[in-house]
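Enquirer: Take a look at model25.cif, mmCIF, C-alpha atoms:
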```cif
data_entry
#
loop_
_atom_site.group_PDB
_atom_site.id
_atom_site.type_symbol
_atom_site.label_atom_id
_atom_site.label_comp_id
_atom_site.auth_asym_id
_atom_site.auth_seq_id
_atom_site.Cartn_x
_atom_site.Cartn_y
_atom_site.Cartn_z
ATOM 1 C CA MET A 1 4.005 0.272 33.769
ATOM 2 C CA LYS A 2 7.021 1.058 31.623
ATOM 3 C CA THR A 3 6.825 3.848 29.008
ATOM 4 C CA LEU A 4 8.802 3.447 25.800
ATOM 5 C CA LYS A 5 9.395 6.555 23.707
ATOM 6 C CA VAL A 6 9.133 5.097 20.226
ATOM 7 C CA ILE A 7 10.980 7.643 18.092
ATOM 8 C CA PHE A 8 13.750 7.936 20.667
ATOM 9 C CA ALA A 9 14.163 4.148 20.825
ATOM 10 C CA LEU A 10 14.121 3.705 17.027
ATOM 11 C CA GLU A 11 16.029 6.937 16.296
ATOM 12 C CA THR A 12 13.583 8.019 13.600
ATOM 13 C CA ALA A 13 10.290 9.885 13.301
ATOM 14 C CA HIS A 14 9.484 7.986 10.091
ATOM 15 C CA LEU A 15 7.959 4.687 11.154
ATOM 16 C CA LEU A 16 8.235 3.232 7.682
ATOM 17 C CA THR A 17 10.102 -0.032 7.356
ATOM 18 C CA ALA A 18 9.359 -3.577 8.468
ATOM 19 C CA GLU A 19 12.894 -3.621 9.897
ATOM 20 C CA LYS A 20 12.064 -0.738 12.270
ATOM 21 C CA GLY A 21 8.769 -2.421 13.124
ATOM 22 C CA SER A 22 10.635 -5.610 14.043
ATOM 23 C CA ALA A 23 13.047 -3.576 16.160
ATOM 24 C CA LEU A 24 10.105 -2.135 18.103
ATOM 25 C CA LEU A 25 8.643 -5.631 18.451
ATOM 26 C CA GLN A 26 11.870 -6.868 20.067
ATOM 27 C CA LEU A 27 11.934 -3.919 22.471
ATOM 28 C CA VAL A 28 8.286 -4.462 23.449
ATOM 29 C CA LYS A 29 8.802 -8.212 23.954
ATOM 30 C CA SER A 30 11.807 -7.539 26.123
ATOM 31 C CA GLU A 31 9.861 -5.063 28.300
ATOM 32 C CA LEU A 32 6.895 -7.430 28.587
ATOM 33 C CA ASN A 33 9.169 -9.998 30.243
ATOM 34 C CA SER A 34 9.340 -7.785 33.318
ATOM 35 C CA GLU A 35 6.326 -5.468 32.980
ATOM 36 C CA ASP A 36 2.612 -6.208 32.986
ATOM 37 C CA ILE A 37 1.880 -3.239 30.770
ATOM 38 C CA VAL A 38 4.038 -1.307 28.325
ATOM 39 C CA GLU A 39 3.035 2.155 27.191
ATOM 40 C CA LEU A 40 4.208 3.245 23.755
ATOM 41 C CA ASP A 41 4.610 6.999 23.486
ATOM 42 C CA PHE A 42 4.593 8.102 19.850
ATOM 43 C CA SER A 43 5.362 11.796 20.512
ATOM 44 C CA GLY A 44 7.028 13.414 17.497
ATOM 45 C CA TYR A 45 6.399 10.703 14.909
ATOM 46 C CA GLU A 46 5.657 11.897 11.379
ATOM 47 C CA PHE A 47 4.057 8.861 9.810
ATOM 48 C CA ILE A 48 3.551 5.166 10.324
ATOM 49 C CA SER A 49 3.305 2.684 7.432
ATOM 50 C CA SER A 50 1.352 -0.540 7.080
ATOM 51 C CA SER A 51 4.639 -2.493 6.817
ATOM 52 C CA PHE A 52 5.809 -1.086 10.149
ATOM 53 C CA ILE A 53 2.448 -1.797 11.793
ATOM 54 C CA ASN A 54 2.404 -5.405 10.583
ATOM 55 C CA SER A 55 5.962 -6.127 11.695
ATOM 56 C CA ALA A 56 5.543 -4.520 15.089
ATOM 57 C CA PHE A 57 1.972 -5.206 16.182
ATOM 58 C CA GLY A 58 0.687 -7.804 13.721
ATOM 59 C CA ASP A 59 3.637 -10.056 14.481
ATOM 60 C CA LEU A 60 3.266 -9.522 18.247
ATOM 61 C CA CYS A 61 -0.351 -10.693 18.096
ATOM 62 C CA LEU A 62 0.474 -13.541 15.725
ATOM 63 C CA GLU A 63 3.147 -14.862 18.114
ATOM 64 C CA ASN A 64 1.038 -14.469 21.254
ATOM 65 C CA ARG A 65 -2.346 -15.431 19.784
ATOM 66 C CA TRP A 66 -3.710 -12.085 20.967
ATOM 67 C CA ASP A 67 -6.940 -10.448 19.916
ATOM 68 C CA ILE A 68 -7.552 -6.714 20.306
ATOM 69 C CA GLN A 69 -8.708 -7.089 23.912
ATOM 70 C CA ASP A 70 -5.604 -9.139 24.842
ATOM 71 C CA PHE A 71 -3.424 -6.547 23.119
ATOM 72 C CA TYR A 72 -4.843 -3.631 25.095
ATOM 73 C CA SER A 73 -4.477 -5.544 28.355
ATOM 74 C CA ARG A 74 -0.687 -5.378 27.849
ATOM 75 C CA ILE A 75 -0.031 -2.416 25.512
ATOM 76 C CA LYS A 76 -1.132 1.214 25.884
ATOM 77 C CA PHE A 77 -0.675 4.016 23.360
ATOM 78 C CA SER A 78 -0.145 7.720 23.810
ATOM 79 C CA CYS A 79 0.347 10.645 21.415
ATOM 80 C CA ILE A 80 -0.763 8.742 18.328
ATOM 81 C CA ASP A 81 -3.383 9.757 15.748
ATOM 82 C CA LYS A 82 -6.754 8.010 16.096
ATOM 83 C CA ASP A 83 -6.657 6.998 12.405
ATOM 84 C CA ASP A 84 -3.327 5.253 12.957
ATOM 85 C CA ILE A 85 -4.827 3.384 15.927
ATOM 86 C CA ASP A 86 -7.612 2.197 13.599
ATOM 87 C CA ASP A 87 -4.946 0.883 11.186
ATOM 88 C CA ILE A 88 -3.187 -0.921 14.042
ATOM 89 C CA GLU A 89 -6.441 -2.498 15.237
ATOM 90 C CA LEU A 90 -7.200 -3.766 11.728
ATOM 91 C CA ALA A 91 -3.700 -5.295 11.557
ATOM 92 C CA ILE A 92 -4.375 -7.039 14.889
ATOM 93 C CA PHE A 93 -7.722 -8.317 13.596
ATOM 94 C CA ASN A 94 -5.939 -9.633 10.478
ATOM 95 C CA ALA A 95 -3.177 -11.284 12.523
ATOM 96 C CA LYS A 96 -5.691 -12.972 14.804
ATOM 97 C CA HIS A 97 -7.508 -14.468 11.833
ATOM 98 C CA ARG A 98 -4.246 -15.568 10.220
ATOM 99 C CA ARG A 99 -3.231 -17.271 13.490
ATOM 100 C CA GLU A 100 -6.536 -19.159 13.598
ATOM 101 C CA LEU A 101 -6.033 -20.386 10.028
ATOM 102 C CA MET A 102 -2.461 -21.479 10.827
ATOM 103 C CA ASP A 103 -3.545 -23.251 14.033
ATOM 104 C CA SER A 104 -6.246 -25.154 12.196
ATOM 105 C CA GLY A 105 -3.704 -26.368 9.626
ATOM 106 C CA LYS A 106 -5.230 -24.426 6.730
ATOM 107 C CA ASN A 107 -3.128 -23.518 3.711
ATOM 108 C CA LEU A 108 -2.846 -19.715 3.846
ATOM 109 C CA SER A 109 -2.496 -19.426 0.075
ATOM 110 C CA ASP A 110 -6.067 -20.728 -0.257
ATOM 111 C CA TYR A 111 -7.292 -17.720 1.686
ATOM 112 C CA TYR A 112 -4.998 -14.821 0.852
ATOM 113 C CA PRO A 113 -4.818 -13.009 -2.497
ATOM 114 C CA PRO A 114 -1.648 -13.524 -4.536
ATOM 115 C CA SER A 115 0.876 -10.689 -4.502
ATOM 116 C CA TYR A 116 -0.626 -7.738 -6.335
ATOM 117 C CA ALA A 117 2.574 -5.724 -6.317
ATOM 118 C CA TYR A 118 3.112 -5.223 -10.058
ATOM 119 C CA MET B 1 3.080 6.689 -24.299
ATOM 120 C CA ALA B 2 2.908 8.523 -21.005
ATOM 121 C CA LYS B 3 5.755 10.657 -19.726
ATOM 122 C CA VAL B 4 7.141 8.534 -16.894
ATOM 123 C CA ILE B 5 8.468 9.785 -13.564
ATOM 124 C CA ASP B 6 10.577 7.523 -11.349
ATOM 125 C CA ALA B 7 8.764 8.311 -8.100
ATOM 126 C CA GLU B 8 11.496 7.113 -5.763
ATOM 127 C CA LYS B 9 14.168 9.105 -7.601
ATOM 128 C CA LEU B 10 11.977 12.217 -7.531
ATOM 129 C CA VAL B 11 11.545 11.981 -3.775
ATOM 130 C CA LYS B 12 15.104 10.985 -2.897
ATOM 131 C CA SER B 13 16.628 13.762 -5.000
ATOM 132 C CA LYS B 14 13.947 16.223 -3.847
ATOM 133 C CA MET B 15 13.074 17.145 -7.428
ATOM 134 C CA LYS B 16 9.792 18.906 -8.202
ATOM 135 C CA LEU B 17 6.736 17.224 -9.613
ATOM 136 C CA PRO B 18 5.801 19.005 -12.882
ATOM 137 C CA THR B 19 2.158 19.170 -11.729
ATOM 138 C CA GLU B 20 0.524 20.671 -8.660
ATOM 139 C CA ALA B 21 -1.498 17.527 -7.956
ATOM 140 C CA PHE B 22 -1.552 13.795 -8.603
ATOM 141 C CA PHE B 23 -4.190 11.066 -8.692
ATOM 142 C CA VAL B 24 -3.640 7.678 -7.100
ATOM 143 C CA ASP B 25 -4.597 4.485 -8.895
ATOM 144 C CA THR B 26 -6.188 1.597 -6.980
ATOM 145 C CA ASN B 27 -3.030 -0.556 -6.975
ATOM 146 C CA ILE B 28 -1.168 2.201 -5.105
ATOM 147 C CA ILE B 29 -3.916 2.525 -2.489
ATOM 148 C CA ILE B 30 -3.819 -1.242 -1.930
ATOM 149 C CA LEU B 31 -0.053 -1.212 -1.401
ATOM 150 C CA TYR B 32 -0.213 1.910 0.779
ATOM 151 C CA LYS B 33 -2.984 0.683 3.091
ATOM 152 C CA ASP B 34 -2.343 -3.085 2.815
ATOM 153 C CA PRO B 35 -5.859 -3.735 4.175
ATOM 154 C CA PHE B 36 -5.336 -7.495 4.654
ATOM 155 C CA SER B 37 -1.817 -7.250 6.138
ATOM 156 C CA THR B 38 -0.407 -9.291 3.266
ATOM 157 C CA SER B 39 3.053 -7.809 3.884
ATOM 158 C CA LEU B 40 3.147 -9.589 7.270
ATOM 159 C CA LYS B 41 5.892 -12.251 6.977
ATOM 160 C CA ASN B 42 6.420 -11.326 3.297
ATOM 161 C CA ASP B 43 9.725 -9.476 2.823
ATOM 162 C CA GLU B 44 9.275 -8.752 -0.887
ATOM 163 C CA LEU B 45 5.817 -7.267 -0.478
ATOM 164 C CA SER B 46 7.009 -5.319 2.589
ATOM 165 C CA ARG B 47 9.756 -3.643 0.565
ATOM 166 C CA ILE B 48 7.378 -2.702 -2.254
ATOM 167 C CA SER B 49 4.783 -1.423 0.203
ATOM 168 C CA GLU B 50 7.445 0.594 2.079
ATOM 169 C CA LYS B 51 8.618 2.198 -1.158
ATOM 170 C CA VAL B 52 5.051 3.212 -2.044
ATOM 171 C CA SER B 53 4.418 4.514 1.503
ATOM 172 C CA PHE B 54 7.670 6.500 1.472
ATOM 173 C CA VAL B 55 6.828 8.172 -1.863
ATOM 174 C CA THR B 56 3.166 8.715 -1.014
ATOM 175 C CA GLU B 57 3.840 10.357 2.357
ATOM 176 C CA TYR B 58 6.363 12.739 0.782
ATOM 177 C CA LEU B 59 4.105 13.634 -2.143
ATOM 178 C CA LYS B 60 1.030 14.090 0.061
ATOM 179 C CA ALA B 61 2.994 16.538 2.205
ATOM 180 C CA ASN B 62 4.007 18.615 -0.815
ATOM 181 C CA TYR B 63 1.271 18.226 -3.446
ATOM 182 C CA LYS B 64 -2.464 17.751 -3.671
ATOM 183 C CA ALA B 65 -3.404 14.072 -3.695
ATOM 184 C CA TYR B 66 -6.701 12.932 -5.196
ATOM 185 C CA SER B 67 -8.577 9.870 -6.310
ATOM 186 C CA THR B 68 -11.530 9.207 -8.572
ATOM 187 C CA ILE B 69 -14.823 7.450 -7.969
ATOM 188 C CA TYR B 70 -13.572 4.640 -10.252
ATOM 189 C CA SER B 71 -10.708 3.884 -7.859
ATOM 190 C CA ALA B 72 -13.124 3.941 -4.918
ATOM 191 C CA ILE B 73 -15.360 1.371 -6.626
ATOM 192 C CA GLU B 74 -12.390 -0.833 -7.590
ATOM 193 C CA TYR B 75 -11.001 -0.624 -4.070
ATOM 194 C CA TYR B 76 -14.375 -1.465 -2.533
ATOM 195 C CA LYS B 77 -14.688 -4.536 -4.775
ATOM 196 C CA HIS B 78 -11.143 -5.549 -3.809
ATOM 197 C CA LEU B 79 -12.090 -5.299 -0.122
ATOM 198 C CA GLN B 80 -15.379 -7.129 -0.540
ATOM 199 C CA HIS B 81 -14.055 -10.013 -2.619
ATOM 200 C CA ASN B 82 -10.857 -10.586 -0.646
ATOM 201 C CA TYR B 83 -12.440 -10.132 2.777
ATOM 202 C CA PHE B 84 -15.002 -12.776 1.869
ATOM 203 C CA THR B 85 -12.330 -15.196 0.572
ATOM 204 C CA ILE B 86 -9.996 -14.639 3.530
ATOM 205 C CA GLN B 87 -12.778 -15.181 6.046
ATOM 206 C CA THR B 88 -14.531 -18.121 4.385
ATOM 207 C CA GLY B 89 -11.951 -19.803 2.129
ATOM 208 C CA ASP B 90 -14.475 -19.625 -0.737
ATOM 209 C CA LYS B 91 -12.734 -18.619 -3.966
ATOM 210 C CA PHE B 92 -15.718 -16.738 -5.390
ATOM 211 C CA LEU B 93 -17.864 -14.079 -3.787
ATOM 212 C CA ASN B 94 -21.306 -15.335 -2.870
ATOM 213 C CA THR B 95 -23.288 -12.149 -2.249
ATOM 214 C CA SER B 96 -26.126 -13.749 -0.316
ATOM 215 C CA LYS B 97 -23.639 -15.561 1.964
ATOM 216 C CA PHE B 98 -21.715 -12.303 2.325
ATOM 217 C CA LYS B 99 -24.867 -10.431 3.393
ATOM 218 C CA LYS B 100 -25.809 -13.167 5.857
ATOM 219 C CA LEU B 101 -22.338 -13.199 7.452
ATOM 220 C CA LYS B 102 -22.311 -9.401 7.586
ATOM 221 C CA THR B 103 -25.452 -9.357 9.713
ATOM 222 C CA GLU B 104 -25.293 -12.620 11.664
ATOM 223 C CA ASN B 105 -21.621 -13.393 12.355
ATOM 224 C CA GLU B 106 -20.175 -11.041 14.999
ATOM 225 C CA ILE B 107 -16.502 -11.548 14.039
ATOM 226 C CA PHE B 108 -17.212 -11.136 10.327
ATOM 227 C CA LYS B 109 -19.336 -8.056 11.085
ATOM 228 C CA ASP B 110 -16.614 -6.496 13.273
ATOM 229 C CA GLY B 111 -13.917 -6.977 10.616
ATOM 230 C CA TRP B 112 -16.109 -5.605 7.832
ATOM 231 C CA ARG B 113 -16.991 -2.538 9.934
ATOM 232 C CA ARG B 114 -13.264 -1.877 10.420
ATOM 233 C CA HIS B 115 -12.625 -2.203 6.681
ATOM 234 C CA MET B 116 -15.499 0.162 5.885
ATOM 235 C CA ASP B 117 -14.303 2.766 8.414
ATOM 236 C CA LEU B 118 -10.896 2.759 6.740
ATOM 237 C CA PHE B 119 -12.454 2.732 3.262
ATOM 238 C CA ARG B 120 -14.271 5.981 4.085
ATOM 239 C CA LYS B 121 -11.108 7.568 5.491
ATOM 240 C CA VAL B 122 -9.049 6.619 2.433
ATOM 241 C CA PHE B 123 -11.406 8.421 0.079
ATOM 242 C CA TYR B 124 -12.344 11.336 2.353
ATOM 243 C CA LYS B 125 -9.048 12.049 4.010
ATOM 244 C CA ASN B 126 -6.027 10.338 2.416
ATOM 245 C CA PHE B 127 -7.025 10.690 -1.241
ATOM 246 C CA PRO B 128 -10.257 12.682 -1.543
ATOM 247 C CA ILE B 129 -12.375 12.042 -4.617
ATOM 248 C CA ILE B 130 -12.461 14.946 -7.030
ATOM 249 C CA ASN B 131 -15.252 15.512 -9.544
ATOM 250 C CA THR B 132 -13.909 15.270 -13.068
ATOM 251 C CA GLY B 133 -15.510 16.282 -16.350
ATOM 252 C CA GLU B 134 -15.188 13.246 -18.614
ATOM 253 C CA ASP B 135 -18.182 12.226 -20.718
ATOM 254 C CA LYS B 136 -19.318 9.277 -18.599
ATOM 255 C CA SER B 137 -22.104 8.235 -20.964
ATOM 256 C CA ASN B 138 -19.609 7.511 -23.767
ATOM 257 C CA LEU B 139 -16.903 5.898 -21.619
ATOM 258 C CA ILE B 140 -18.007 2.326 -22.336
ATOM 259 C CA TYR B 141 -18.311 2.792 -26.117
ATOM 260 C CA GLN B 142 -14.940 4.502 -26.503
ATOM 261 C CA PHE B 143 -13.004 2.018 -24.384
ATOM 262 C CA ASP B 144 -10.952 -0.693 -26.164
ATOM 263 C CA SER B 145 -10.857 -3.823 -23.990
ATOM 264 C CA GLU B 146 -7.948 -5.308 -25.954
ATOM 265 C CA VAL B 147 -5.666 -2.476 -24.940
ATOM 266 C CA MET B 148 -6.470 -2.075 -21.254
ATOM 267 C CA ASP B 149 -8.845 -2.727 -18.365
ATOM 268 C CA PHE B 150 -11.884 -0.533 -18.006
ATOM 269 C CA GLY B 151 -10.651 0.771 -14.633
ATOM 270 C CA ASP B 152 -7.380 2.029 -16.186
ATOM 271 C CA TYR B 153 -9.261 3.612 -19.060
ATOM 272 C CA ALA B 154 -11.747 5.330 -16.740
ATOM 273 C CA ILE B 155 -9.094 6.815 -14.463
ATOM 274 C CA TRP B 156 -7.108 8.085 -17.461
ATOM 275 C CA LYS B 157 -10.207 9.713 -19.023
ATOM 276 C CA ALA B 158 -11.052 11.308 -15.673
ATOM 277 C CA VAL B 159 -7.549 12.741 -15.255
ATOM 278 C CA ALA B 160 -7.299 13.791 -18.921
ATOM 279 C CA SER B 161 -10.530 15.760 -18.565
ATOM 280 C CA TYR B 162 -9.021 17.832 -15.770
ATOM 281 C CA LYS B 163 -6.717 20.845 -16.075
ATOM 282 C CA ASP B 164 -3.124 20.329 -17.298
ATOM 283 C CA THR B 165 -1.537 20.925 -13.912
ATOM 284 C CA TYR B 166 -3.463 17.954 -12.474
ATOM 285 C CA ARG B 167 -2.562 15.439 -15.182
ATOM 286 C CA CYS B 168 -0.453 13.029 -13.194
ATOM 287 C CA ILE B 169 -1.352 9.467 -12.174
ATOM 288 C CA PHE B 170 0.541 7.521 -9.526
ATOM 289 C CA SER B 171 0.286 3.874 -10.591
ATOM 290 C CA ASN B 172 2.343 0.715 -10.960
ATOM 291 C CA ASP B 173 0.087 -0.593 -13.727
ATOM 292 C CA SER B 174 2.043 -0.906 -16.983
ATOM 293 C CA ASP B 175 -1.146 -0.674 -19.098
ATOM 294 C CA LEU B 176 -1.321 3.038 -18.321
ATOM 295 C CA TYR B 177 2.078 3.606 -19.927
ATOM 296 C CA ASN B 178 0.795 2.869 -23.424
ATOM 297 C CA ILE B 179 -2.400 4.927 -23.297
ATOM 298 C CA SER B 180 -1.441 8.455 -24.219
ATOM 299 C CA ASP B 181 1.215 11.118 -23.836
ATOM 300 C CA ASP B 182 -1.121 13.718 -22.302
ATOM 301 C CA PHE B 183 -0.257 12.942 -18.674
ATOM 302 C CA TYR B 184 2.626 12.044 -16.375
ATOM 303 C CA LEU B 185 2.802 8.495 -15.047
ATOM 304 C CA LEU B 186 4.406 8.510 -11.616
ATOM 305 C CA THR B 187 5.546 4.999 -10.720
ATOM 306 C CA THR B 188 7.756 2.818 -8.547
ATOM 307 C CA ASN B 189 7.483 -0.094 -10.996
ATOM 308 C CA PRO B 190 11.048 -0.803 -12.240
ATOM 309 C CA ARG B 191 9.742 -2.458 -15.423
ATOM 310 C CA ILE B 192 7.854 0.673 -16.520
ATOM 311 C CA ILE B 193 10.874 2.847 -15.698
ATOM 312 C CA THR B 194 13.246 0.642 -17.742
ATOM 313 C CA VAL B 195 10.937 0.575 -20.778
ATOM 314 C CA ALA B 196 10.337 4.335 -20.592
ATOM 315 C CA GLN B 197 14.060 4.962 -20.418
ATOM 316 C CA SER B 198 14.700 2.903 -23.573
ATOM 317 C CA ASN B 199 11.850 4.733 -25.362
ATOM 318 C CA GLY B 200 13.080 8.174 -24.329
ATOM 319 C CA LYS B 201 9.897 8.697 -22.281
ATOM 320 C CA LEU B 202 11.515 8.916 -18.851
ATOM 321 C CA PHE B 203 10.874 12.476 -17.670
ATOM 322 C CA ILE B 204 12.642 12.064 -14.303
#
```
Output the structure of this file as structure tokens.
Expert:
Amino acid sequence: MKTLKVIFALETAHLLTAEKGSALLQLVKSELNSEDIVELDFSGYEFISSSFINSAFGDLCLENRWDIQDFYSRIKFSCIDKDDIDDIELAIFNAKHRRELMDSGKNLSDYYPPSYAY
Amino acid sequence: MAKVIDAEKLVKSKMKLPTEAFFVDTNIIILYKDPFSTSLKNDELSRISEKVSFVTEYLKANYKAYSTIYSAIEYYKHLQHNYFTIQTGDKFLNTSKFKKLKTENEIFKDGWRRHMDLFRKVFYKNFPIINTGEDKSNLIYQFDSEVMDFGDYAIWKAVASYKDTYRCIFSNDSDLYNISDDFYLLTTNPRIITVAQSNGKLFI
């Protein structure tokens, strides 16, 4: 099992942007090519945003068609707040459902709310 | 018109909020938590959500952050309606179908339980609900539906009933801008900031 120190690898304690989430995704994918399990050590992080979570873990599950059980068979967490784990698990649940809709040829815009940004 | 604060500018320049606390509106909570992962594969929504998260995390670390029961109800309805639509594809909430799925369909039940766990945390931990002193019995009679939504009106009345140093609402809803000048409107919405600037109502 390989351990990846997240804030050291991303050079920030603020896990905020989708760009940083995608960077973590690439690192995890690369490690998973040679490792059965990758442990992500979040020591020292200050906060983690929904954008980061979606780009890192949502996208990983979307690409691999993983559910929560599949995810935990390959990824382990350490030094992360339980509430943040709950957010990650919800993002995985959402990604799994989105994957099922995509695989069945459904139009996602029929299911998802329009942008409620402004 | 509210006194507007450019939230991103305030945080980036490390300026002080003129109040000791702020209230979050429902639209901010939705962007902050993104409960349906709508920012996944959506660059524009990701950027807006990141901006709100960046500001919210900074403000929460330095000021008291609260919500009202009105935001909790609005947020719950948002979760209920959209979870039902996303799971079933039905455009309109069918409450009896919702109840049936919630008890009989294991996947639906699991997802709803996760949403409810986070719903409780949002309003207990992230933005605790504070009791405000507005006259709730007269809220409906005083509210003008041509000017704004009831939810906006209710949150403003709740905040306006509280002490001066708590009169600040974090929202991207432009309806709040026109309500009154007795509170600060903290926002990341560039349209509100531009209009406030031209009206001389931009505080920061």
Enquirer: Could I get the residues of chain A with an atom no further than 8 Å from an atom of chain B, each paired with its nearest atom pair and that distance in Å to one decimal, using only C-alpha atoms, sorted by chain and residue number, as a Markdown table?
Expert:
```
| residue | atom | partner | partner_atom | distance |
| --- | --- | --- | --- | --- |
| A:Leu16 | CA | B:Glu50 | CA | 6.2 |
| A:Thr17 | CA | B:Glu50 | CA | 5.9 |
| A:Ala18 | CA | B:Ser46 | CA | 6.6 |
| A:Phe47 | CA | B:Glu57 | CA | 7.6 |
| A:Ser49 | CA | B:Ser53 | CA | 6.3 |
| A:Ser50 | CA | B:Lys33 | CA | 6.0 |
| A:Ser51 | CA | B:Ser46 | CA | 5.6 |
| A:Asn54 | CA | B:Leu40 | CA | 5.4 |
| A:Ser55 | CA | B:Leu40 | CA | 6.3 |
| A:Gly58 | CA | B:Leu40 | CA | 7.1 |
| A:Asp59 | CA | B:Leu40 | CA | 7.2 |
| A:Asp86 | CA | B:Leu118 | CA | 7.6 |
| A:Asp87 | CA | B:Leu118 | CA | 7.7 |
| A:Leu90 | CA | B:Arg114 | CA | 6.5 |
| A:Ala91 | CA | B:Ser37 | CA | 6.1 |
| A:Phe93 | CA | B:Gly111 | CA | 7.0 |
| A:Asn94 | CA | B:Phe36 | CA | 6.2 |
| A:Ala95 | CA | B:Ser37 | CA | 7.7 |
| A:His97 | CA | B:Gln87 | CA | 7.9 |
| A:Asp110 | CA | B:Gly89 | CA | 6.4 |
| A:Tyr111 | CA | B:Ile86 | CA | 4.5 |
| A:Tyr112 | CA | B:Ile86 | CA | 5.7 |
| A:Pro113 | CA | B:Asn82 | CA | 6.8 |
| A:Ser115 | CA | B:Leu45 | CA | 7.2 |
| A:Tyr116 | CA | B:Asn27 | CA | 7.6 |
| A:Ala117 | CA | B:Leu45 | CA | 6.9 |
| A:Tyr118 | CA | B:Asn172 | CA | 6.1 |
```
Enquirer: What lies within 8 Å of Leu15 of chain A using only C-alpha atoms, ignoring chain neighbours under 3 positions off, as a PyMOL selection string?
Expert: chain A and resi 12+20-21+45-49+52
Enquirer: Once you have the residues from the selection above, write them out as a PDB file, in the coordinates of the input, restricted to C-alpha atoms.
Expert:
```pdb
ATOM      1  CA  THR A  12      13.583   8.019  13.600  1.00  0.00           C
ATOM      2  CA  LYS A  20      12.064  -0.738  12.270  1.00  0.00           C
ATOM      3  CA  GLY A  21       8.769  -2.421  13.124  1.00  0.00           C
ATOM      4  CA  TYR A  45       6.399  10.703  14.909  1.00  0.00           C
ATOM      5  CA  GLU A  46       5.657  11.897  11.379  1.00  0.00           C
ATOM      6  CA  PHE A  47       4.057   8.861   9.810  1.00  0.00           C
ATOM      7  CA  ILE A  48       3.551   5.166  10.324  1.00  0.00           C
ATOM      8  CA  SER A  49       3.305   2.684   7.432  1.00  0.00           C
ATOM      9  CA  PHE A  52       5.809  -1.086  10.149  1.00  0.00           C
TER      10      PHE A  52
END
```
Enquirer: Mind giving me the straight-line distance from atom CA of Ala2 of chain B to atom CA of Val24 of chain B in Å, one decimal?
Expert: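 Interatomic distance, atom CA of Ala2 of chain B to atom CA of Val24 of chain B: 15.4 Å.
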Enquirer: Residues near Glu31 of chain A, anyone? I mean within 12 Å using all atoms listed in the file, not counting same-chain ones fewer than 4 positions away, as an mmCIF file with C-alpha atoms, in the frame of the given file.
Expert:
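around_6.cif written:
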```
data_model
loop_
_atom_site.group_PDB
_atom_site.id
_atom_site.type_symbol
_atom_site.label_atom_id
_atom_site.label_comp_id
_atom_site.auth_asym_id
_atom_site.auth_seq_id
_atom_site.Cartn_x
_atom_site.Cartn_y
_atom_site.Cartn_z
ATOM 1 C CA MET A 1 4.005 0.272 33.769
ATOM 2 C CA LYS A 2 7.021 1.058 31.623
ATOM 3 C CA THR A 3 6.825 3.848 29.008
ATOM 4 C CA LEU A 4 8.802 3.447 25.800
ATOM 5 C CA LEU A 24 10.105 -2.135 18.103
ATOM 6 C CA LEU A 25 8.643 -5.631 18.451
ATOM 7 C CA GLN A 26 11.870 -6.868 20.067
ATOM 8 C CA LEU A 27 11.934 -3.919 22.471
ATOM 9 C CA GLU A 35 6.326 -5.468 32.980
ATOM 10 C CA ASP A 36 2.612 -6.208 32.986
ATOM 11 C CA ILE A 37 1.880 -3.239 30.770
ATOM 12 C CA VAL A 38 4.038 -1.307 28.325
ATOM 13 C CA GLU A 39 3.035 2.155 27.191
ATOM 14 C CA LEU A 40 4.208 3.245 23.755
ATOM 15 C CA ARG A 74 -0.687 -5.378 27.849
ATOM 16 C CA ILE A 75 -0.031 -2.416 25.512
#
```
Enquirer: I need the residue nearest Ile92 of chain A from this list: A:Asn107, A:Lys5, A:Leu62, A:Phe77. Use only C-alpha atoms for the distance.
Expert: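 Closest candidate: A:Leu62.
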Enquirer: Enter the distance from atom CA of Leu202 of chain B to atom CA of Phe143 of chain B, in Å, rounded to one decimal.
Expert: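 Computing the Euclidean distance for atom CA of Leu202 of chain B and atom CA of Phe143 of chain B yields 26.1 Å.
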Enquirer: I'd like the interatomic distance between atom CA of Tyr63 of chain B and atom CA of Lys9 of chain B, to a tenth of an Å.
Expert: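 These atoms are spaced 16.3 Å apart.
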Enquirer: If the PyMOL selection byres ((chain B and resi 60) around 12) is run on the structure shown, which residues does it catch, given as a short mmCIF file (atom, residue, chain, number, x, y, z; two decimals) with C-alpha atoms, in the coordinates of the input?
Expert:
```
data_model
loop_
_atom_site.label_atom_id
_atom_site.label_comp_id
_atom_site.auth_asym_id
_atom_site.auth_seq_id
_atom_site.Cartn_x
_atom_site.Cartn_y
_atom_site.Cartn_z
CA PHE A 47 4.06 8.86 9.81
CA VAL B 11 11.54 11.98 -3.78
CA LEU B 17 6.74 17.22 -9.61
CA GLU B 20 0.52 20.67 -8.66
CA ALA B 21 -1.50 17.53 -7.96
CA PHE B 22 -1.55 13.80 -8.60
CA PHE B 23 -4.19 11.07 -8.69
CA VAL B 24 -3.64 7.68 -7.10
CA VAL B 52 5.05 3.21 -2.04
CA SER B 53 4.42 4.51 1.50
CA PHE B 54 7.67 6.50 1.47
CA VAL B 55 6.83 8.17 -1.86
CA THR B 56 3.17 8.72 -1.01
CA GLU B 57 3.84 10.36 2.36
CA TYR B 58 6.36 12.74 0.78
CA LEU B 59 4.11 13.63 -2.14
CA ALA B 61 2.99 16.54 2.20
CA ASN B 62 4.01 18.61 -0.82
CA TYR B 63 1.27 18.23 -3.45
CA LYS B 64 -2.46 17.75 -3.67
CA ALA B 65 -3.40 14.07 -3.70
CA TYR B 66 -6.70 12.93 -5.20
CA LYS B 125 -9.05 12.05 4.01
CA ASN B 126 -6.03 10.34 2.42
CA PHE B 127 -7.02 10.69 -1.24
CA PRO B 128 -10.26 12.68 -1.54
CA PHE B 170 0.54 7.52 -9.53
#
```
